[in-house]
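The next block is entry25.pdb, given as PDB, C-alpha atoms.
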```pdb
ATOM      1  CA  MET A1096      71.373 162.760  86.877
ATOM      2  CA  THR A1097      74.150 163.610  84.467
ATOM      3  CA  LYS A1098      75.780 166.486  82.651
ATOM      4  CA  ALA A1099      77.225 165.636  79.242
ATOM      5  CA  PRO A1100      80.939 164.797  79.723
ATOM      6  CA  GLN A1101      82.391 167.604  77.645
ATOM      7  CA  ALA A1102      85.808 169.141  78.298
ATOM      8  CA  GLY A1103      85.600 172.420  80.163
ATOM      9  CA  ARG A1104      82.023 171.770  81.318
ATOM     10  CA  VAL A1105      82.362 168.939  83.824
ATOM     11  CA  LYS A1106      84.584 168.356  86.859
ATOM     12  CA  THR A1107      85.987 171.862  86.560
ATOM     13  CA  ARG A1108      87.009 171.854  90.243
ATOM     14  CA  LEU A1109      89.503 169.108  89.368
ATOM     15  CA  VAL A1110      91.311 171.433  86.952
ATOM     16  CA  PRO A1111      94.117 171.460  88.033
ATOM     17  CA  PRO A1112      95.565 168.903  88.752
ATOM     18  CA  LEU A1113      93.737 167.513  85.721
ATOM     19  CA  THR A1114      93.403 169.148  82.326
ATOM     20  CA  PRO A1115      89.857 169.863  81.099
ATOM     21  CA  GLU A1116      90.142 166.881  78.767
ATOM     22  CA  GLU A1117      91.292 164.567  81.560
ATOM     23  CA  ALA A1118      88.512 165.803  83.830
ATOM     24  CA  ALA A1119      85.938 165.015  81.130
ATOM     25  CA  GLU A1120      87.434 161.565  80.613
ATOM     26  CA  LEU A1121      87.327 160.925  84.356
ATOM     27  CA  ASN A1122      83.661 161.916  84.340
ATOM     28  CA  LYS A1123      83.048 159.340  81.606
ATOM     29  CA  CYS A1124      84.683 156.717  83.806
ATOM     30  CA  PHE A1125      82.441 157.711  86.726
ATOM     31  CA  LEU A1126      79.417 157.282  84.477
ATOM     32  CA  ARG A1127      80.558 153.871  83.214
ATOM     33  CA  ASP A1128      81.157 152.594  86.734
ATOM     34  CA  THR A1129      77.862 153.909  88.102
ATOM     35  CA  VAL A1130      75.946 152.536  85.131
ATOM     36  CA  ALA A1131      77.631 149.159  85.591
ATOM     37  CA  ALA A1132      76.543 149.038  89.238
ATOM     38  CA  ILE A1133      72.990 149.975  88.293
ATOM     39  CA  SER A1134      72.945 147.503  85.403
ATOM     40  CA  SER A1135      73.780 144.681  87.788
ATOM     41  CA  VAL A1136      70.666 145.609  89.769
ATOM     42  CA  CYS A1137      68.651 145.869  86.558
ATOM     43  CA  SER A1138      69.477 142.263  85.734
ATOM     44  CA  ARG A1139      68.108 140.923  89.012
ATOM     45  CA  ARG A1140      64.578 139.639  89.465
ATOM     46  CA  PRO A1141      62.005 142.017  90.948
ATOM     47  CA  VAL A1142      61.711 142.084  94.726
ATOM     48  CA  GLY A1143      58.877 142.888  97.104
ATOM     49  CA  ASP A1144      55.457 143.964  95.916
ATOM     50  CA  ALA A1145      56.543 146.737  93.545
ATOM     51  CA  SER A1146      55.200 146.374  90.042
ATOM     52  CA  LYS A1147      57.304 149.223  88.688
ATOM     53  CA  MET A1148      60.517 150.819  89.970
ATOM     54  CA  GLN A1149      62.738 153.422  88.385
ATOM     55  CA  PHE A1150      66.406 154.077  88.981
ATOM     56  CA  GLU A1151      67.672 157.154  87.286
ATOM     57  CA  HIS A1152      71.042 158.120  86.285
ATOM     58  CA  ALA A1153      71.973 156.092  86.792
ATOM     59  CA  GLY A1154      68.627 154.474  87.080
ATOM     60  CA  ALA A1155      66.602 151.405  87.233
ATOM     61  CA  SER A1156      63.000 150.446  87.129
ATOM     62  CA  HIS A1157      60.921 147.508  88.258
ATOM     63  CA  SER A1158      58.407 146.527  85.627
ATOM     64  CA  GLU A1159      55.940 143.735  85.143
ATOM     65  CA  ALA A1160      58.090 142.438  82.314
ATOM     66  CA  ALA A1161      60.862 139.921  82.856
ATOM     67  CA  THR A1162      63.424 142.696  83.249
ATOM     68  CA  ALA A1163      63.634 143.884  86.844
ATOM     69  CA  ALA A1164      64.752 147.405  85.983
ATOM     70  CA  CYS A1165      65.582 149.832  83.229
ATOM     71  CA  GLY A1166      68.057 152.681  83.147
ATOM     72  CA  ILE A1167      67.439 156.324  82.302
ATOM     73  CA  ALA A1168      70.139 158.977  81.985
ATOM     74  CA  VAL A1169      68.501 162.331  82.690
ATOM     75  CA  TYR A1170      70.933 164.650  80.975
ATOM     76  CA  THR A1171      71.807 168.209  80.092
ATOM     77  CA  PRO A1172      72.277 170.037  77.762
ATOM     78  CA  VAL A1173      69.834 169.130  75.020
ATOM     79  CA  GLY A1174      71.803 168.510  71.835
ATOM     80  CA  ALA A1175      74.631 166.666  73.608
ATOM     81  CA  GLU A1176      73.176 163.206  73.151
ATOM     82  CA  SER A1177      76.161 161.979  71.106
ATOM     83  CA  ALA A1178      78.416 162.514  74.134
ATOM     84  CA  TYR A1179      76.911 159.356  75.654
ATOM     85  CA  THR A1180      77.922 157.077  72.777
ATOM     86  CA  ASN A1181      80.029 154.191  74.104
ATOM     87  CA  ILE A1182      79.221 155.206  77.698
ATOM     88  CA  LEU A1183      75.651 154.063  78.260
ATOM     89  CA  PRO A1184      74.584 150.500  77.447
ATOM     90  CA  ALA A1185      71.919 150.034  74.809
ATOM     91  CA  ALA A1186      69.322 149.285  77.487
ATOM     92  CA  PHE A1187      69.624 152.802  78.902
ATOM     93  CA  SER A1188      67.410 155.602  77.605
ATOM     94  CA  LEU A1189      68.041 159.360  77.565
ATOM     95  CA  LEU A1190      65.656 161.908  79.056
ATOM     96  CA  PRO A1191      66.460 165.641  78.934
ATOM     97  CA  GLN A1192      66.559 167.633  82.133
ATOM     98  CA  ARG A1193      64.316 170.663  82.512
ATOM     99  CA  GLY A1194      64.063 173.459  85.022
ATOM    100  CA  ASP A1195      66.429 176.188  86.145
ATOM    101  CA  GLY A1196      67.795 175.617  89.654
ATOM    102  CA  PHE A1197      69.166 172.293  90.842
ATOM    103  CA  GLY A1198      66.134 171.544  93.007
ATOM    104  CA  GLU A1199      63.812 172.197  90.071
ATOM    105  CA  ARG A1200      65.789 169.855  87.863
ATOM    106  CA  LEU A1201      65.605 167.090  90.432
ATOM    107  CA  TYR A1202      61.893 167.510  91.002
ATOM    108  CA  PHE A1203      61.043 167.752  87.299
ATOM    109  CA  ALA A1204      63.072 164.586  86.669
ATOM    110  CA  VAL A1205      60.969 162.808  89.291
ATOM    111  CA  GLU A1206      57.760 164.236  87.816
ATOM    112  CA  ASP A1207      58.696 163.258  84.256
ATOM    113  CA  LEU A1208      59.579 159.705  85.249
ATOM    114  CA  PHE A1209      56.331 159.211  87.120
ATOM    115  CA  LYS A1210      54.529 160.483  84.011
ATOM    116  CA  CYS A1211      56.241 157.651  82.134
ATOM    117  CA  GLY A1212      54.342 155.239  84.369
ATOM    118  CA  PHE A1213      56.959 154.213  86.904
ATOM    119  CA  GLY A1214      55.783 153.389  90.386
ATOM    120  CA  SER A1215      58.932 154.533  92.205
ATOM    121  CA  VAL A1216      61.894 156.671  91.252
ATOM    122  CA  CYS A1217      65.497 156.924  92.419
ATOM    123  CA  LEU A1218      67.688 159.824  91.368
ATOM    124  CA  ILE A1219      71.394 159.016  91.592
ATOM    125  CA  ASP A1220      74.331 161.362  91.148
ATOM    126  CA  SER A1221      77.220 160.812  88.737
ATOM    127  CA  ASP A1222      79.965 161.831  91.203
ATOM    128  CA  SER A1223      80.145 158.737  93.423
ATOM    129  CA  PRO A1224      81.726 155.879  91.426
ATOM    130  CA  THR A1225      82.572 153.747  94.472
ATOM    131  CA  VAL A1226      78.983 153.345  95.699
ATOM    132  CA  PRO A1227      78.355 149.589  95.388
ATOM    133  CA  ALA A1228      75.458 147.950  93.604
ATOM    134  CA  GLU A1229      74.293 146.584  96.966
ATOM    135  CA  ASN A1230      73.320 150.099  98.042
ATOM    136  CA  PHE A1231      71.157 150.504  94.960
ATOM    137  CA  GLN A1232      69.617 147.088  95.491
ATOM    138  CA  GLN A1233      68.782 148.072  99.068
ATOM    139  CA  ALA A1234      67.014 151.177  97.764
ATOM    140  CA  VAL A1235      64.964 148.981  95.406
ATOM    141  CA  GLU A1236      63.924 146.752  98.270
ATOM    142  CA  LEU A1237      63.028 149.660 100.565
ATOM    143  CA  LEU A1238      60.895 151.265  97.859
ATOM    144  CA  SER A1239      59.164 147.977  97.078
ATOM    145  CA  MET A1240      57.309 148.189 100.383
ATOM    146  CA  SER A1241      53.756 149.466 100.272
ATOM    147  CA  GLU A1242      54.255 152.322 102.760
ATOM    148  CA  ASP A1243      55.119 155.758 101.386
ATOM    149  CA  ARG A1244      58.672 156.772 102.266
ATOM    150  CA  VAL A1245      61.817 158.494 101.069
ATOM    151  CA  VAL A1246      65.138 156.688 100.730
ATOM    152  CA  LEU A1247      68.349 158.701 101.009
ATOM    153  CA  GLY A1248      71.948 157.707 100.351
ATOM    154  CA  PRO A1249      73.973 160.128 102.499
ATOM    155  CA  SER A1250      77.249 161.598 101.296
ATOM    156  CA  ASP A1251      79.780 162.421 103.955
ATOM    157  CA  ASP A1252      79.891 166.052 102.827
ATOM    158  CA  GLY A1253      76.334 166.525 104.108
ATOM    159  CA  GLY A1254      74.537 165.919 100.817
ATOM    160  CA  TYR A1255      73.187 162.728  99.267
ATOM    161  CA  TYR A1256      74.137 160.513  96.332
ATOM    162  CA  LEU A1257      70.636 159.023  95.981
ATOM    163  CA  ILE A1258      67.071 160.006  96.710
ATOM    164  CA  GLY A1259      64.278 157.517  96.167
ATOM    165  CA  VAL A1260      60.557 158.265  96.313
ATOM    166  CA  LYS A1261      57.265 156.485  95.741
ATOM    167  CA  LYS A1262      55.366 159.688  94.926
ATOM    168  CA  PRO A1263      56.405 163.061  93.424
ATOM    169  CA  HIS A1264      56.758 164.973  96.688
ATOM    170  CA  GLN A1265      57.818 168.435  95.520
ATOM    171  CA  HIS A1266      58.352 169.615  99.101
ATOM    172  CA  LEU A1267      61.459 167.394  99.367
ATOM    173  CA  PHE A1268      63.232 169.665  96.876
ATOM    174  CA  GLU A1269      62.115 173.023  98.253
ATOM    175  CA  GLN A1270      63.944 175.335 100.674
ATOM    176  CA  ILE A1271      67.156 173.326 100.336
ATOM    177  CA  ASP A1272      70.564 175.024 100.465
ATOM    178  CA  TRP A1273      71.989 173.060  97.551
ATOM    179  CA  SER A1274      75.742 172.394  97.417
ATOM    180  CA  THR A1275      76.129 172.848 101.164
ATOM    181  CA  GLU A1276      76.597 170.496 104.105
ATOM    182  CA  ARG A1277      72.953 171.131 105.070
ATOM    183  CA  VAL A1278      71.316 169.324 102.141
ATOM    184  CA  LEU A1279      70.753 165.938 103.778
ATOM    185  CA  ASN A1280      69.463 167.302 107.085
ATOM    186  CA  GLN A1281      67.188 169.801 105.348
ATOM    187  CA  THR A1282      65.778 167.039 103.125
ATOM    188  CA  ILE A1283      65.077 164.892 106.181
ATOM    189  CA  GLN A1284      63.359 167.924 107.739
ATOM    190  CA  ARG A1285      61.202 168.393 104.618
ATOM    191  CA  ALA A1286      60.233 164.717 104.778
ATOM    192  CA  THR A1287      59.298 165.024 108.448
ATOM    193  CA  GLU A1288      57.123 168.049 107.699
ATOM    194  CA  ILE A1289      54.962 166.009 105.327
ATOM    195  CA  GLY A1290      54.971 162.875 107.473
ATOM    196  CA  LEU A1291      57.258 160.730 105.319
ATOM    197  CA  GLU A1292      59.278 157.903 106.827
ATOM    198  CA  VAL A1293      63.007 158.285 106.024
ATOM    199  CA  LYS A1294      65.233 155.299 105.291
ATOM    200  CA  LEU A1295      69.001 155.801 105.054
ATOM    201  CA  LEU A1296      71.447 153.785 102.947
ATOM    202  CA  PRO A1297      75.140 153.348 103.800
ATOM    203  CA  THR A1298      77.145 156.556 103.433
ATOM    204  CA  GLY A1299      79.136 157.300 100.271
ATOM    205  CA  TYR A1300      81.148 160.247  99.037
ATOM    206  CA  ASP A1301      81.289 162.573  96.040
ATOM    207  CA  VAL A1302      84.465 163.171  94.052
ATOM    208  CA  ASP A1303      84.423 166.810  93.030
ATOM    209  CA  ASP A1304      87.618 168.465  94.312
ATOM    210  CA  GLY A1305      91.294 167.772  94.879
ATOM    211  CA  ALA A1306      90.845 166.327  98.368
ATOM    212  CA  SER A1307      88.161 163.852  97.336
ATOM    213  CA  LEU A1308      90.187 162.898  94.243
ATOM    214  CA  ARG A1309      93.149 162.027  96.491
ATOM    215  CA  ARG A1310      90.807 160.012  98.696
ATOM    216  CA  LEU A1311      89.536 158.139  95.657
ATOM    217  CA  CYS A1312      93.066 157.384  94.461
ATOM    218  CA  ASN A1313      94.034 156.074  97.894
ATOM    219  CA  GLU A1314      90.937 153.875  98.027
ATOM    220  CA  ILE A1315      91.044 152.262  94.602
ATOM    221  CA  LEU A1316      94.799 152.260  93.886
ATOM    222  CA  GLY A1317      96.098 151.147  97.270
ATOM    223  CA  GLU A1318      97.644 147.747  97.949
ATOM    224  CA  GLN A1319      94.452 146.512  99.612
ATOM    225  CA  ALA A1320      92.163 147.872  96.881
ATOM    226  CA  ASP A1321      89.356 145.702  95.534
ATOM    227  CA  ASP A1322      89.775 145.523  91.752
ATOM    228  CA  SER A1323      86.010 145.156  91.309
ATOM    229  CA  VAL A1324      85.347 148.648  92.721
ATOM    230  CA  ALA A1325      85.021 151.355  90.039
ATOM    231  CA  PRO A1326      87.162 149.477  87.480
ATOM    232  CA  SER A1327      86.946 152.075  84.698
ATOM    233  CA  THR A1328      87.903 154.857  87.079
ATOM    234  CA  ARG A1329      90.695 152.759  88.574
ATOM    235  CA  ARG A1330      92.290 152.059  85.180
ATOM    236  CA  PHE A1331      92.169 155.701  84.157
ATOM    237  CA  LEU A1332      93.620 157.003  87.420
ATOM    238  CA  ALA A1333      96.308 154.314  87.441
ATOM    239  CA  ASP A1334      97.388 155.499  83.999
ATOM    240  CA  LEU A1335      97.558 159.111  85.192
ATOM    241  CA  VAL A1336      99.628 158.067  88.213
ATOM    242  CA  GLU A1337     101.974 156.099  85.957
ATOM    243  CA  GLN A1338     102.399 159.184  83.794
ATOM    244  CA  LYS A1339     103.102 161.113  87.017
ATOM    245  CA  LYS A1340     100.197 163.466  86.351
ATOM    246  CA  LEU A1341      98.778 162.709  89.805
TER
END
```

What do you get writing this file as structure tokens?
Amino acid sequence: MTKAPQAGRVKTRLVPPLTPEEAAELNKCFLRDTVAAISSVCSRRPVGDASKMQFEHAGASHSEAATAACGIAVYTPVGAESAYTNILPAAFSLLPQRGDGFGERLYFAVEDLFKCGFGSVCLIDSDSPTVPAENFQQAVELLSMSEDRVVLGPSDDGGYYLIGVKKPHQHLFEQIDWSTERVLNQTIQRATEIGLEVKLLPTGYDVDDGASLRRLCNEILGEQADDSVAPSTRRFLADLVEQKKL
């Protein structure tokens, strides 16, 4: 799930310390790193008994073809398609978001992807560049099982960075206090109400304010940092630190 990385329209809570242009560039780096993690899952052979699996934007889909997965960026606004040039690999497709509220947009994305013929769908945020590919692979494996279930990747702010489903359960997106610390627990409650098993992935975190940006810098620029984690984001932030902008 992605908003076109345009200055003044994305990562506005990071302005300051960043300029609108820097915030948009950072968002592009987040997208590149998340897409790279998903693409590594896309290149793997299918697992389990799933014939089709969809990861969405980042996204990936099991198919009966040789490719294990395919990527879809579900984006807004319509007309901003050129903003994704040189960000998404050629194998990724674009699908416009629809709906008004955030919950509607999530549900309609799920509905539209199932209409495309996918057997399972994962919606992934574009604010968590350090989530490793292994988490996405785990979601693929959990959704490859025959039993109906929902897979959630918790964020430590009380939300989630990923939701994976095998059917378009609209109830999972209803009566949710979006953008609060109650999102994850309320989603689990919705799943319980309709008898869905819940599987949790390792916890991640969103980068959407000054505190989480400092956390990100400490994680990926520290002496013990793993250079393979969020490389595009790391290079950009290292340059800002060198320029003493952070």

Going by the chain IDs and residue numbers used in this file, which residues fall under the PyMOL selection byres ((chain A and resi 1179-1186) around 7)? Write them as an NGL selection string. :A and (1123 or 1127 or 1165-1166 or 1176-1178 or 1187-1188)

In the coordinate frame of the file, compute which residues have an atom within 10 Å of (88.4, 165.4, 81.7) when using all atoms listed in the file, and state them as a PyMOL selection string. chain A and resi 1100-1107+1109-1110+1113-1124

Please identify all polymer residues within 9 Å of stretch 1221-1226 of chain A, counting all atoms listed in the file, omitting same-chain residues fewer than 6 positions from it, and present them as a VMD selection string. chain A and resid 1096 to 1098 1122 1124 to 1129 1132 1152 to 1153 1250 1256 1297 to 1303 1311 1315 1324 to 1325 1328

Could you tell me, as a JSON list (two decimals) with C-alpha atoms, in the frame of the given file, exactly which residues end up selected when the PyMOL selection byres ((chain A and resi 1194) around 12) is applied to this structure?
```
[["chain", "number", "residue", "atom", "x", "y", "z"],
["A", 1170, "TYR", "CA", 70.93, 164.65, 80.97],
["A", 1171, "THR", "CA", 71.81, 168.21, 80.09],
["A", 1172, "PRO", "CA", 72.28, 170.04, 77.76],
["A", 1191, "PRO", "CA", 66.46, 165.64, 78.93],
["A", 1192, "GLN", "CA", 66.56, 167.63, 82.13],
["A", 1193, "ARG", "CA", 64.32, 170.66, 82.51],
["A", 1195, "ASP", "CA", 66.43, 176.19, 86.14],
["A", 1196, "GLY", "CA", 67.80, 175.62, 89.65],
["A", 1197, "PHE", "CA", 69.17, 172.29, 90.84],
["A", 1198, "GLY", "CA", 66.13, 171.54, 93.01],
["A", 1199, "GLU", "CA", 63.81, 172.20, 90.07],
["A", 1200, "ARG", "CA", 65.79, 169.86, 87.86],
["A", 1201, "LEU", "CA", 65.60, 167.09, 90.43],
["A", 1202, "TYR", "CA", 61.89, 167.51, 91.00],
["A", 1203, "PHE", "CA", 61.04, 167.75, 87.30],
["A", 1204, "ALA", "CA", 63.07, 164.59, 86.67],
["A", 1205, "VAL", "CA", 60.97, 162.81, 89.29],
["A", 1206, "GLU", "CA", 57.76, 164.24, 87.82],
["A", 1207, "ASP", "CA", 58.70, 163.26, 84.26]]
```

Per residue of stretch 1260-1314 of chain A within 9 Å of stretch 1239-1246 of chain A, what are the shortest atom pair and its distance in Å to one decimal, counting only C-alpha atoms, with rows by chain and residue number, as a tab-separated table?
```
residue	atom	partner	partner_atom	distance
A:Val1260	CA	A:Val1245	CA	4.9
A:Lys1261	CA	A:Asp1243	CA	6.1
A:Lys1262	CA	A:Asp1243	CA	7.6
A:Ile1283	CA	A:Val1245	CA	8.8
A:Ala1286	CA	A:Val1245	CA	7.4
A:Gly1290	CA	A:Arg1244	CA	8.8
A:Leu1291	CA	A:Arg1244	CA	5.2
A:Glu1292	CA	A:Arg1244	CA	4.7
A:Val1293	CA	A:Val1245	CA	5.1
A:Lys1294	CA	A:Val1246	CA	4.8
A:Leu1295	CA	A:Val1246	CA	5.9
A:Leu1296	CA	A:Val1246	CA	7.3
```

Residue nearest A:Leu1332 - candidates A:Thr1287, A:Ser1135, A:Gln1319, A:Asn1313, atoms counted: only C-alpha atoms: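 Closest candidate: A:Asn1313.
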
Which residue of A:Pro1227, A:Pro1326, A:Leu1341, A:His1264 approaches A:Phe1209 most closely, using all atoms listed in the file: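 Answer, going by the shortest atom-to-atom distance: A:His1264.
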
Could you write out as JSON the box around stretch 1114-1132 of chain A (axis-aligned, all atoms listed in the file, 5 Å on each side), with centre and edge lengths in Å to one decimal?
```
{"center_x": 84.7, "center_y": 159.5, "center_z": 84.0, "size_x": 27.5, "size_y": 30.8, "size_z": 20.5}
```

Find the distance between atom CA of A:Asp1334 and atom CA of A:Asp1220 and write it in Å to one decimal.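 That distance, rounded to one decimal, is 24.8 Å.
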
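Relative to atom CA of A:Pro1249, atom CA of A:Asp1322 is found at 24.1 Å.
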
Could you tell me how far atom CA of A:Ala1333 lies from atom CA of A:Leu1316, in Å and to one decimal? 6.9 Å

With distances taken over all atoms listed in the file, which residue among A:Leu1308, A:Val1216, A:Leu1247, A:Val1136 lies nearest A:Leu1279?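 Closest candidate: A:Leu1247.
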
Between A:Arg1277, A:Glu1229, A:Lys1210, A:Arg1309, which is the closest to A:Pro1263 once you count all atoms listed in the file?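 Smallest distance to A:Pro1263 is found for A:Lys1210.
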
Excluding same-chain residues fewer than 3 positions from A:Glu1276, what lies within 7 Å of it counting all atoms listed in the file, as a ChimeraX atom specification? /A:1252-1254
